[in-house]
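Everything below belongs to query35.txt, which stores compact mmCIF, C-alpha atoms.
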```txt
# COMPACT_ATOMS: atom_id res chain seq x y z
CA MET A 12 -43.21 28.63 2.49
CA SER A 13 -45.89 26.43 0.92
CA LEU A 14 -45.47 22.69 1.32
CA LEU A 15 -46.64 22.41 -2.31
CA SER A 16 -43.71 24.41 -3.58
CA PRO A 17 -40.54 22.28 -3.69
CA LEU A 18 -38.25 24.86 -5.23
CA PRO A 19 -37.27 26.81 -2.08
CA LEU A 20 -36.68 23.57 -0.24
CA LEU A 21 -34.51 22.22 -3.05
CA HIS A 22 -32.55 25.48 -3.19
CA SER A 23 -31.92 25.37 0.54
CA PHE A 24 -30.87 21.73 0.38
CA SER A 25 -28.55 22.41 -2.55
CA SER A 26 -26.87 25.30 -0.76
CA THR A 27 -26.23 23.15 2.29
CA VAL A 28 -24.58 20.32 0.38
CA ALA A 29 -22.49 22.66 -1.75
CA THR A 30 -20.71 23.93 1.33
CA LYS A 31 -19.43 20.48 2.18
CA SER A 32 -15.86 19.56 1.31
CA THR A 33 -17.16 16.74 -0.87
CA ALA A 34 -18.20 19.31 -3.47
CA SER A 35 -20.83 17.00 -4.93
CA ARG A 36 -23.02 18.23 -7.76
CA ILE A 37 -26.77 17.79 -7.33
CA THR A 38 -28.92 16.98 -10.34
CA ALA A 39 -32.69 16.99 -10.17
CA THR A 40 -34.64 14.48 -12.22
CA PRO A 41 -38.42 14.13 -12.47
CA SER A 42 -38.38 11.13 -10.15
CA LYS A 43 -35.45 11.56 -7.80
CA LEU A 44 -32.39 13.49 -6.76
CA ARG A 45 -29.05 12.11 -7.94
CA PHE A 46 -25.65 12.87 -6.51
CA SER A 47 -22.74 12.83 -8.92
CA VAL A 48 -19.25 13.36 -7.58
CA VAL A 49 -16.86 15.76 -9.25
CA ASN A 50 -13.37 14.30 -9.07
CA ALA A 51 -10.78 16.99 -9.61
CA THR A 52 -7.93 15.61 -7.54
CA PRO A 53 -5.19 13.34 -8.94
CA GLU A 54 -5.60 9.73 -7.92
CA ASN A 55 -3.08 7.14 -6.77
CA GLY A 56 -1.16 5.54 -9.59
CA ASN A 57 -2.73 7.73 -12.26
CA SER A 58 0.55 9.17 -13.55
CA GLY A 59 1.04 10.71 -10.11
CA GLY A 60 -1.52 13.40 -10.71
CA ARG A 61 0.56 15.46 -13.11
CA LYS A 62 -2.33 16.22 -15.45
CA ASN A 63 -3.88 19.58 -14.91
CA ASP A 64 -7.60 19.08 -14.39
CA ARG A 65 -8.17 22.76 -14.99
CA ASP A 66 -7.03 22.36 -18.60
CA GLU A 67 -8.96 19.17 -19.31
CA ASP A 68 -12.18 19.64 -17.36
CA PRO A 69 -14.12 22.91 -17.53
CA SER A 70 -16.07 21.83 -14.46
CA PHE A 71 -12.89 21.77 -12.37
CA ASN A 72 -13.66 21.96 -8.67
CA PRO A 73 -10.71 22.57 -6.31
CA PHE A 74 -12.55 20.80 -3.48
CA GLY A 75 -13.66 17.75 -5.44
CA PHE A 76 -11.37 15.11 -3.98
CA VAL A 77 -14.04 12.42 -3.79
CA THR A 78 -14.11 9.65 -6.38
CA ASP A 79 -16.60 6.83 -6.86
CA ASN A 80 -14.51 4.79 -4.44
CA PRO A 81 -16.80 4.16 -1.42
CA SER A 82 -13.92 4.62 1.01
CA SER A 83 -13.19 8.18 -0.16
CA ARG A 84 -13.23 10.63 2.69
CA SER A 85 -16.64 12.22 3.41
CA ALA A 86 -18.12 10.88 0.19
CA ILE A 87 -21.81 11.53 -0.39
CA GLN A 88 -22.93 8.93 -2.86
CA LEU A 89 -26.18 7.25 -3.83
CA PRO A 90 -25.89 4.45 -6.40
CA GLU A 91 -28.04 4.74 -9.48
CA SER A 92 -28.84 1.02 -9.14
CA PRO A 93 -28.77 0.18 -5.42
CA ALA A 94 -29.01 -3.56 -6.07
CA GLU A 95 -25.60 -3.40 -7.75
CA ASP A 96 -23.87 -1.67 -4.87
CA GLY A 97 -22.91 -3.12 -1.51
CA ASN A 98 -23.71 -6.72 -2.45
CA VAL A 99 -20.66 -8.75 -1.41
CA GLY A 100 -21.36 -11.53 -3.88
CA GLN A 101 -21.60 -9.13 -6.79
CA MET A 102 -18.51 -7.21 -5.66
CA LEU A 103 -16.53 -10.47 -5.56
CA TYR A 104 -17.74 -11.46 -9.01
CA ARG A 105 -16.77 -8.07 -10.37
CA THR A 106 -13.27 -8.08 -8.87
CA GLU A 107 -12.16 -11.70 -8.54
CA ASP A 108 -9.92 -11.62 -11.62
CA LYS A 109 -8.42 -8.21 -10.96
CA GLY A 110 -5.00 -7.32 -9.67
CA LYS A 111 -2.98 -10.43 -10.54
CA GLU A 112 -0.73 -8.86 -13.16
CA TYR A 113 2.57 -10.73 -13.62
CA GLY A 114 1.63 -13.08 -10.77
CA SER A 115 1.45 -16.80 -10.08
CA THR A 116 1.19 -19.09 -7.07
CA ILE A 117 4.45 -20.58 -5.82
CA LYS A 118 4.59 -23.42 -3.30
CA SER A 119 7.30 -23.11 -0.68
CA GLY A 120 7.19 -25.85 1.94
CA LYS A 121 3.64 -26.02 3.25
CA LEU A 122 2.89 -22.46 2.23
CA ARG A 123 1.64 -21.03 -1.05
CA TRP A 124 2.85 -17.58 -1.98
CA PHE A 125 1.46 -15.31 -4.66
CA VAL A 126 4.51 -13.87 -6.41
CA ARG A 127 4.70 -11.29 -9.19
CA GLU A 128 7.60 -11.59 -11.60
CA THR A 129 8.84 -9.44 -14.45
CA GLY A 130 11.99 -9.73 -16.53
CA SER A 131 14.00 -12.95 -16.73
CA LYS A 132 16.90 -14.71 -15.04
CA GLU A 133 19.08 -13.57 -17.92
CA SER A 134 18.35 -9.90 -17.16
CA ARG A 135 21.68 -8.13 -17.40
CA ARG A 136 21.41 -5.82 -14.39
CA GLY A 137 20.52 -8.26 -11.62
CA THR A 138 17.54 -9.19 -9.45
CA ILE A 139 15.33 -6.91 -7.36
CA VAL A 140 13.00 -8.26 -4.67
CA PHE A 141 10.21 -5.89 -3.67
CA VAL A 142 8.73 -6.23 -0.18
CA HIS A 143 5.42 -4.59 0.74
CA GLY A 144 4.09 -3.48 4.13
CA ALA A 145 0.79 -3.94 5.98
CA PRO A 146 -2.09 -3.87 5.26
CA THR A 147 -1.33 -3.74 1.52
CA GLN A 148 0.04 -6.24 -1.01
CA SER A 149 2.54 -6.57 -3.86
CA PHE A 150 -0.04 -5.06 -6.23
CA SER A 151 1.34 -1.67 -5.19
CA TYR A 152 4.62 -2.45 -7.03
CA ARG A 153 3.05 -3.53 -10.34
CA THR A 154 4.04 -0.41 -12.31
CA VAL A 155 7.46 0.00 -10.73
CA MET A 156 8.52 -3.61 -11.29
CA SER A 157 7.24 -3.55 -14.88
CA GLU A 158 9.33 -0.48 -15.69
CA MET A 159 12.35 -1.79 -13.80
CA SER A 160 12.29 -4.99 -15.87
CA ASP A 161 12.20 -2.82 -19.00
CA ALA A 162 15.38 -1.23 -17.65
CA GLY A 163 17.10 -4.64 -17.54
CA PHE A 164 16.27 -6.03 -14.08
CA HIS A 165 14.70 -9.34 -13.04
CA CYS A 166 11.98 -8.48 -10.50
CA PHE A 167 10.04 -10.41 -7.86
CA ALA A 168 7.31 -9.02 -5.60
CA PRO A 169 5.67 -11.55 -3.25
CA ASP A 170 2.54 -11.10 -1.18
CA TRP A 171 3.59 -11.81 2.39
CA ILE A 172 1.91 -14.82 3.99
CA GLY A 173 -1.42 -13.57 5.36
CA PHE A 174 -1.68 -10.78 2.79
CA GLY A 175 -2.91 -10.30 -0.75
CA PHE A 176 -3.35 -13.56 -2.63
CA SER A 177 -0.92 -15.67 -0.56
CA ASN A 178 -1.92 -18.30 2.02
CA LYS A 179 -3.53 -17.07 5.22
CA PRO A 180 -3.06 -19.95 7.69
CA GLN A 181 -5.03 -19.99 10.89
CA PRO A 182 -2.67 -19.14 13.78
CA GLY A 183 -1.42 -22.30 15.44
CA TYR A 184 -1.70 -24.37 12.26
CA GLY A 185 1.65 -24.01 10.59
CA PHE A 186 2.20 -20.27 10.91
CA ASN A 187 1.90 -17.91 13.87
CA TYR A 188 2.76 -14.55 12.22
CA THR A 189 5.89 -13.88 14.27
CA GLU A 190 9.00 -12.13 13.00
CA LYS A 191 11.01 -15.35 13.21
CA GLU A 192 8.49 -17.28 11.11
CA TYR A 193 8.26 -14.52 8.52
CA HIS A 194 12.05 -14.53 8.19
CA GLU A 195 12.22 -18.31 7.84
CA ALA A 196 9.40 -18.40 5.28
CA PHE A 197 11.05 -15.61 3.28
CA ASP A 198 14.36 -17.51 3.22
CA LYS A 199 12.62 -20.62 1.88
CA LEU A 200 10.80 -18.61 -0.77
CA LEU A 201 14.04 -17.06 -2.02
CA GLU A 202 15.46 -20.58 -2.39
CA VAL A 203 12.43 -21.77 -4.36
CA LEU A 204 12.63 -18.70 -6.61
CA GLU A 205 16.36 -19.36 -7.06
CA VAL A 206 17.24 -15.79 -6.22
CA LYS A 207 21.02 -15.54 -6.25
CA SER A 208 22.82 -13.49 -3.63
CA PRO A 209 23.61 -10.73 -3.38
CA PHE A 210 20.47 -9.12 -4.81
CA PHE A 211 18.80 -5.72 -4.63
CA LEU A 212 16.08 -5.29 -2.00
CA VAL A 213 13.27 -2.72 -1.92
CA VAL A 214 11.21 -2.39 1.27
CA GLN A 215 8.20 -0.26 2.18
CA GLY A 216 5.68 0.01 4.98
CA PHE A 217 4.71 -1.13 8.45
CA LEU A 218 4.73 -4.54 10.21
CA VAL A 219 5.82 -7.00 7.50
CA GLY A 220 7.67 -4.12 5.86
CA SER A 221 9.68 -3.75 9.06
CA TYR A 222 10.36 -7.49 9.00
CA GLY A 223 11.86 -7.02 5.54
CA LEU A 224 14.34 -4.59 7.09
CA THR A 225 15.16 -6.81 10.08
CA TRP A 226 15.66 -9.72 7.66
CA ALA A 227 18.22 -7.61 5.77
CA LEU A 228 20.05 -6.82 9.01
CA LYS A 229 20.35 -10.54 9.73
CA ASN A 230 21.40 -11.36 6.17
CA PRO A 231 23.70 -8.54 5.03
CA SER A 232 25.73 -10.84 2.77
CA LYS A 233 22.61 -11.55 0.70
CA VAL A 234 21.93 -7.87 0.02
CA GLU A 235 23.94 -5.85 -2.48
CA LYS A 236 22.00 -2.61 -2.08
CA ILE A 237 18.77 -1.74 -0.31
CA ALA A 238 16.20 0.91 -1.15
CA ILE A 239 13.74 1.92 1.55
CA LEU A 240 10.50 3.63 0.71
CA ASN A 241 8.39 5.19 3.47
CA SER A 242 8.81 2.89 6.49
CA PRO A 243 9.16 3.36 10.26
CA LEU A 244 12.91 3.63 10.85
CA THR A 245 13.52 5.19 14.27
CA VAL A 246 12.17 4.76 17.78
CA SER A 247 10.41 8.10 17.34
CA SER A 248 8.39 6.79 14.38
CA PRO A 249 4.67 7.15 15.17
CA VAL A 250 2.40 4.11 15.08
CA PRO A 251 -0.78 4.68 13.03
CA GLY A 252 -4.09 4.40 14.83
CA LEU A 253 -5.11 1.29 12.86
CA PHE A 254 -2.37 -0.83 14.41
CA LYS A 255 -3.16 0.48 17.88
CA GLN A 256 -6.83 -0.42 17.38
CA LEU A 257 -5.94 -3.94 16.27
CA ARG A 258 -4.18 -4.53 19.58
CA ILE A 259 -7.25 -3.67 21.65
CA PRO A 260 -9.04 -6.86 22.81
CA LEU A 261 -12.37 -7.48 21.03
CA PHE A 262 -12.22 -4.13 19.26
CA GLY A 263 -9.33 -5.45 17.19
CA GLU A 264 -11.38 -8.46 16.09
CA PHE A 265 -14.09 -6.17 14.76
CA THR A 266 -11.65 -3.73 13.16
CA CYS A 267 -9.74 -6.39 11.22
CA GLN A 268 -12.89 -7.51 9.40
CA ASN A 269 -13.52 -4.15 7.76
CA ALA A 270 -13.50 -4.94 4.03
CA ILE A 271 -12.26 -1.48 3.03
CA LEU A 272 -9.60 -1.34 5.75
CA ALA A 273 -6.64 -1.53 3.34
CA GLU A 274 -7.84 1.09 0.88
CA ARG A 275 -8.74 3.50 3.68
CA PHE A 276 -5.28 3.04 5.16
CA ILE A 277 -3.70 3.84 1.79
CA GLU A 278 -5.84 6.93 1.31
CA GLY A 279 -5.22 8.01 4.91
CA GLY A 280 -1.48 8.24 4.26
CA SER A 281 -1.73 9.82 0.83
CA PRO A 282 -2.70 13.18 -0.65
CA TYR A 283 -4.86 11.28 -3.15
CA VAL A 284 -7.73 8.82 -3.24
CA LEU A 285 -7.72 5.51 -5.07
CA LYS A 286 -9.60 4.90 -8.25
CA ASN A 287 -12.29 2.31 -7.75
CA GLU A 288 -10.63 -0.31 -9.96
CA LYS A 289 -7.49 -0.13 -7.79
CA ALA A 290 -9.41 -0.06 -4.52
CA ASP A 291 -11.17 -3.23 -5.71
CA VAL A 292 -7.88 -5.14 -5.62
CA TYR A 293 -6.89 -4.01 -2.14
CA ARG A 294 -10.42 -4.81 -0.94
CA LEU A 295 -10.77 -8.22 -2.58
CA PRO A 296 -8.85 -10.37 -0.05
CA TYR A 297 -10.91 -8.94 2.82
CA LEU A 298 -14.15 -9.61 0.94
CA SER A 299 -13.19 -13.17 0.09
CA SER A 300 -12.82 -14.40 3.67
CA GLY A 301 -12.02 -13.41 7.23
CA GLY A 302 -8.50 -14.85 6.87
CA PRO A 303 -6.65 -11.69 5.77
CA GLY A 304 -8.16 -9.67 8.59
CA PHE A 305 -7.20 -12.20 11.23
CA ALA A 306 -3.71 -12.54 9.73
CA LEU A 307 -3.29 -8.78 9.99
CA LEU A 308 -4.65 -8.90 13.53
CA GLU A 309 -2.14 -11.56 14.58
CA THR A 310 0.76 -9.75 12.95
CA ALA A 311 -0.15 -6.50 14.71
CA LYS A 312 -0.47 -8.30 18.05
CA LYS A 313 2.80 -10.19 17.76
CA ILE A 314 5.07 -7.30 16.80
CA ASN A 315 6.93 -5.38 19.50
CA PHE A 316 7.11 -1.93 17.93
CA GLY A 317 9.69 -0.56 20.35
CA ASP A 318 12.12 -3.46 20.00
CA THR A 319 11.69 -3.71 16.23
CA LEU A 320 12.27 0.01 15.63
CA SER A 321 15.25 0.03 17.98
CA GLN A 322 16.70 -2.94 16.10
CA ILE A 323 16.28 -1.12 12.77
CA ALA A 324 17.67 2.21 13.98
CA ASN A 325 20.74 0.63 15.58
CA GLY A 326 21.29 -1.94 12.86
CA PHE A 327 21.49 0.59 10.04
CA SER A 328 23.63 3.09 11.94
CA SER A 329 27.27 3.91 11.20
CA GLY A 330 29.62 1.08 12.10
CA ASN A 331 26.89 -1.55 11.84
CA TRP A 332 25.73 -1.22 8.23
CA ASP A 333 27.96 -0.61 5.23
CA LYS A 334 25.69 -1.45 2.30
CA PRO A 335 24.62 1.38 -0.03
CA THR A 336 21.15 2.43 1.09
CA LEU A 337 18.64 4.72 -0.59
CA LEU A 338 15.75 6.42 1.16
CA ALA A 339 13.18 7.29 -1.51
CA TRP A 340 10.72 9.22 0.60
CA GLY A 341 7.25 10.48 -0.29
CA ILE A 342 7.15 13.82 1.51
CA ALA A 343 3.34 13.96 1.68
CA ASP A 344 3.21 10.88 3.96
CA LYS A 345 0.57 11.50 6.63
CA TYR A 346 1.80 8.65 8.84
CA LEU A 347 5.55 9.19 8.83
CA PRO A 348 6.98 12.72 8.68
CA GLN A 349 10.02 13.62 6.62
CA SER A 350 11.96 14.15 9.84
CA ILE A 351 12.03 10.36 10.35
CA ALA A 352 13.95 9.91 7.10
CA GLU A 353 16.30 12.80 7.90
CA GLU A 354 17.03 11.39 11.37
CA PHE A 355 17.74 7.96 9.86
CA GLU A 356 20.12 9.41 7.26
CA LYS A 357 22.09 11.30 9.91
CA GLN A 358 22.80 8.03 11.74
CA ASN A 359 24.80 6.75 8.75
CA PRO A 360 25.48 9.56 6.27
CA GLN A 361 28.25 7.67 4.46
CA ASN A 362 25.98 4.82 3.36
CA VAL A 363 22.43 6.21 3.55
CA LYS A 364 21.29 8.76 0.98
CA LEU A 365 17.91 10.49 1.09
CA ARG A 366 15.97 11.33 -2.05
CA LEU A 367 12.68 13.17 -1.54
CA ILE A 368 9.72 12.40 -3.78
CA GLU A 369 7.41 15.37 -4.08
CA GLY A 370 3.73 14.70 -4.59
CA ALA A 371 3.88 11.20 -3.09
CA GLY A 372 2.56 9.98 0.24
CA HIS A 373 2.99 6.82 2.31
CA LEU A 374 2.93 4.53 -0.77
CA PRO A 375 5.12 6.40 -3.26
CA GLN A 376 5.12 3.33 -5.53
CA GLU A 377 1.35 3.75 -5.86
CA ASP A 378 1.16 7.54 -5.75
CA TRP A 379 3.91 8.34 -8.24
CA PRO A 380 5.61 5.19 -9.58
CA GLU A 381 7.55 7.01 -12.31
CA LYS A 382 9.50 9.01 -9.75
CA VAL A 383 10.23 5.87 -7.74
CA VAL A 384 11.50 4.16 -10.90
CA ALA A 385 13.77 7.13 -11.65
CA ALA A 386 15.23 6.97 -8.14
CA LEU A 387 15.76 3.20 -8.27
CA ARG A 388 17.33 3.22 -11.72
CA ALA A 389 19.82 5.88 -10.66
CA PHE A 390 20.64 4.00 -7.46
CA PHE A 391 20.83 0.40 -8.68
```
Would you write the structure of this file as structure tokens?
Amino acid sequence: MSLLSPLPLLHSFSSTVATKSTASRITATPSKLRFSVVNATPENGNSGGRKNDRDEDPSFNPFGFVTDNPSSRSAIQLPESPAEDGNVGQMLYRTEDKGKEYGSTIKSGKLRWFVRETGSKESRRGTIVFVHGAPTQSFSYRTVMSEMSDAGFHCFAPDWIGFGFSNKPQPGYGFNYTEKEYHEAFDKLLEVLEVKSPFFLVVQGFLVGSYGLTWALKNPSKVEKIAILNSPLTVSSPVPGLFKQLRIPLFGEFTCQNAILAERFIEGGSPYVLKNEKADVYRLPYLSSGGPGFALLETAKKINFGDTLSQIANGFSSGNWDKPTLLAWGIADKYLPQSIAEEFEKQNPQNVKLRLIEGAGHLPQEDWPEKVVAALRAFF
């Protein structure tokens, strides 16, 4: 093959890339090669992926699960304008006003919480408090709480301390990220928000999500009904690799400062990838400072997974828990299998009811919010 003839080389290169699962399309220009990604897979929060890409896009590619989100698995991407990509300052400028729908900062004691609110105190059907898990934020509930307020509920969704847009105190200076402190801070916040008991509680996720469940066990009189989205519920619940890595000395300190840690965790537990505008919001706190990463690190270090899961499993079992409880479970969760939910239901079949959500993964409220809303409206 002549070195002066680029066509065979280009053909060989094209064939190689086309076999990759990224299914990128190569376009040759007079000056350079450009990679453009074909996105044919439904994305988180985009109506749950019910649109048929085959009908709308003649270039449908069944392997094209990569979006322009830089955390997408195995993405092959070259920016058209490199100076606009990967610059932290520019990324912050582009995203700093995103993701604060329905939200405001609320002072509770020495702490400042970012709290989303929809509906009003006069809402006829009562109050719902939505609790997120790690390493995400209340942004994941934005669609669900909006639709639930339309259905007549007053809704709150706070970012836990250390997460999202809430305060991230340095450990040892007013907050140490222990279960006890999270419970106490949550109690004070509910007082400031004037949430009347009993109210409806929705909980999802790991770490601080688990603390939402243990708080409920210690305050059963304050809870009228509880809905649990994908969360570790039994002692057999697996612990994702991220939380194990955070507990490794030194390695955890490096891991927690990964700016795309949250969005990768979301995608890792879901059948979908995030659109870039949504990934921006989950990424923003980690770009702004090292505080969120170290808060996550401390929370992961302080939790005793075995004791916490045992407390949850025993506390919600028959004879110990008599509040109506809904398990709205995304069956495509890659962190927590469906068997966890089934085992939990069997421990208290009179009060715990399982409703499976097809097409949703670890964050069903992000993957397919409409189905979560349908389950909550029927339950509450």
Next item on the list: Counting all atoms listed in the file, select every polymer residue within 12 Å of (23.1, 10.3, 12.9) as defined in the file's coordinates, and provide the selection as a PyMOL selection string.
Entry: chain A and resi 245+324-325+327-330+351-363
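Remark: for Glu288 of chain A, the closest of the candidate residues A:Ala311, A:Pro303, A:Gln256, A:Glu274 is A:Glu274 (distances computed over all atoms listed in the file).
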Margin query: Could you check the closest approach to Lys382 of chain A for each of A:Leu224, A:Ile314, A:Leu240, A:Val219 and tell me which residue wins, using only C-alpha atoms?
Written below: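 Counting only C-alpha atoms, the residue closest to Lys382 of chain A is A:Leu240.
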Next item on the list: Tell me which of A:Thr147, A:Leu228, A:Pro260, A:Asn178 sits closest to Gly326 of chain A, counting all atoms listed in the file.
Entry: A:Leu228
Checklist line | Minimum-distance residue to Leu387 of chain A, chosen among A:Ile277, A:Ile172, A:Ile237, A:Ile117 (using all atoms listed in the file) | finding: A:Ile237
Quick one: segment 230-251 of chain A with N, CA, C and O atoms, as an mmCIF file, keeping the file's coordinate frame?
```cif
data_model
loop_
_atom_site.group_PDB
_atom_site.id
_atom_site.type_symbol
_atom_site.label_atom_id
_atom_site.label_comp_id
_atom_site.auth_asym_id
_atom_site.auth_seq_id
_atom_site.Cartn_x
_atom_site.Cartn_y
_atom_site.Cartn_z
ATOM 1 N N ASN A 230 20.843 -10.729 7.360
ATOM 2 C CA ASN A 230 21.400 -11.360 6.170
ATOM 3 C C ASN A 230 22.120 -10.352 5.271
ATOM 4 O O ASN A 230 21.836 -10.258 4.077
ATOM 5 N N PRO A 231 23.059 -9.601 5.825
ATOM 6 C CA PRO A 231 23.700 -8.540 5.030
ATOM 7 C C PRO A 231 24.457 -9.067 3.815
ATOM 8 O O PRO A 231 24.557 -8.368 2.798
ATOM 9 N N SER A 232 24.973 -10.296 3.892
ATOM 10 C CA SER A 232 25.730 -10.840 2.770
ATOM 11 C C SER A 232 24.845 -11.144 1.569
ATOM 12 O O SER A 232 25.338 -11.277 0.443
ATOM 13 N N LYS A 233 23.525 -11.254 1.792
ATOM 14 C CA LYS A 233 22.610 -11.550 0.700
ATOM 15 C C LYS A 233 22.105 -10.297 -0.015
ATOM 16 O O LYS A 233 21.439 -10.386 -1.032
ATOM 17 N N VAL A 234 22.427 -9.135 0.548
ATOM 18 C CA VAL A 234 21.930 -7.870 0.020
ATOM 19 C C VAL A 234 23.075 -7.071 -0.583
ATOM 20 O O VAL A 234 24.082 -6.812 0.077
ATOM 21 N N GLU A 235 22.921 -6.688 -1.846
ATOM 22 C CA GLU A 235 23.940 -5.850 -2.480
ATOM 23 C C GLU A 235 23.677 -4.377 -2.193
ATOM 24 O O GLU A 235 24.570 -3.636 -1.781
ATOM 25 N N LYS A 236 22.441 -3.954 -2.410
ATOM 26 C CA LYS A 236 22.000 -2.610 -2.080
ATOM 27 C C LYS A 236 20.555 -2.704 -1.600
ATOM 28 O O LYS A 236 19.826 -3.618 -1.988
ATOM 29 N N ILE A 237 20.144 -1.738 -0.788
ATOM 30 C CA ILE A 237 18.770 -1.740 -0.310
ATOM 31 C C ILE A 237 18.162 -0.350 -0.498
ATOM 32 O O ILE A 237 18.804 0.669 -0.199
ATOM 33 N N ALA A 238 16.961 -0.337 -1.023
ATOM 34 C CA ALA A 238 16.200 0.910 -1.150
ATOM 35 C C ALA A 238 15.006 0.831 -0.214
ATOM 36 O O ALA A 238 14.274 -0.161 -0.208
ATOM 37 N N ILE A 239 14.831 1.877 0.575
ATOM 38 C CA ILE A 239 13.740 1.920 1.550
ATOM 39 C C ILE A 239 12.777 3.026 1.169
ATOM 40 O O ILE A 239 13.163 4.196 1.106
ATOM 41 N N LEU A 240 11.557 2.649 0.889
ATOM 42 C CA LEU A 240 10.500 3.630 0.710
ATOM 43 C C LEU A 240 9.874 3.868 2.081
ATOM 44 O O LEU A 240 10.241 3.221 3.058
ATOM 45 N N ASN A 241 8.921 4.733 2.176
ATOM 46 C CA ASN A 241 8.390 5.190 3.470
ATOM 47 C C ASN A 241 8.110 4.022 4.423
ATOM 48 O O ASN A 241 7.208 3.215 4.199
ATOM 49 N N SER A 242 8.912 3.950 5.478
ATOM 50 C CA SER A 242 8.810 2.890 6.490
ATOM 51 C C SER A 242 9.205 3.475 7.841
ATOM 52 O O SER A 242 9.986 4.429 7.900
ATOM 53 N N PRO A 243 8.710 2.903 8.943
ATOM 54 C CA PRO A 243 9.160 3.360 10.260
ATOM 55 C C PRO A 243 10.608 2.939 10.475
ATOM 56 O O PRO A 243 10.946 1.766 10.326
ATOM 57 N N LEU A 244 11.474 3.899 10.822
ATOM 58 C CA LEU A 244 12.910 3.630 10.850
ATOM 59 C C LEU A 244 13.581 3.988 12.166
ATOM 60 O O LEU A 244 14.727 3.594 12.394
ATOM 61 N N THR A 245 12.925 4.753 13.007
ATOM 62 C CA THR A 245 13.520 5.190 14.270
ATOM 63 C C THR A 245 12.532 4.949 15.402
ATOM 64 O O THR A 245 11.338 4.746 15.167
ATOM 65 N N VAL A 246 13.035 4.995 16.617
ATOM 66 C CA VAL A 246 12.170 4.760 17.780
ATOM 67 C C VAL A 246 11.139 5.879 17.934
ATOM 68 O O VAL A 246 10.141 5.710 18.639
ATOM 69 N N SER A 247 11.363 6.993 17.272
ATOM 70 C CA SER A 247 10.410 8.100 17.340
ATOM 71 C C SER A 247 9.331 7.996 16.262
ATOM 72 O O SER A 247 8.444 8.852 16.185
ATOM 73 N N SER A 248 9.386 6.961 15.435
ATOM 74 C CA SER A 248 8.390 6.790 14.380
ATOM 75 C C SER A 248 7.012 6.555 14.989
ATOM 76 O O SER A 248 6.843 5.641 15.808
ATOM 77 N N PRO A 249 6.006 7.341 14.618
ATOM 78 C CA PRO A 249 4.670 7.150 15.170
ATOM 79 C C PRO A 249 4.015 5.873 14.644
ATOM 80 O O PRO A 249 4.319 5.420 13.539
ATOM 81 N N VAL A 250 3.150 5.299 15.458
ATOM 82 C CA VAL A 250 2.400 4.110 15.080
ATOM 83 C C VAL A 250 0.986 4.537 14.681
ATOM 84 O O VAL A 250 0.276 5.137 15.492
ATOM 85 N N PRO A 251 0.560 4.268 13.450
ATOM 86 C CA PRO A 251 -0.780 4.680 13.030
ATOM 87 C C PRO A 251 -1.879 4.089 13.905
ATOM 88 O O PRO A 251 -1.726 3.010 14.485
#
```
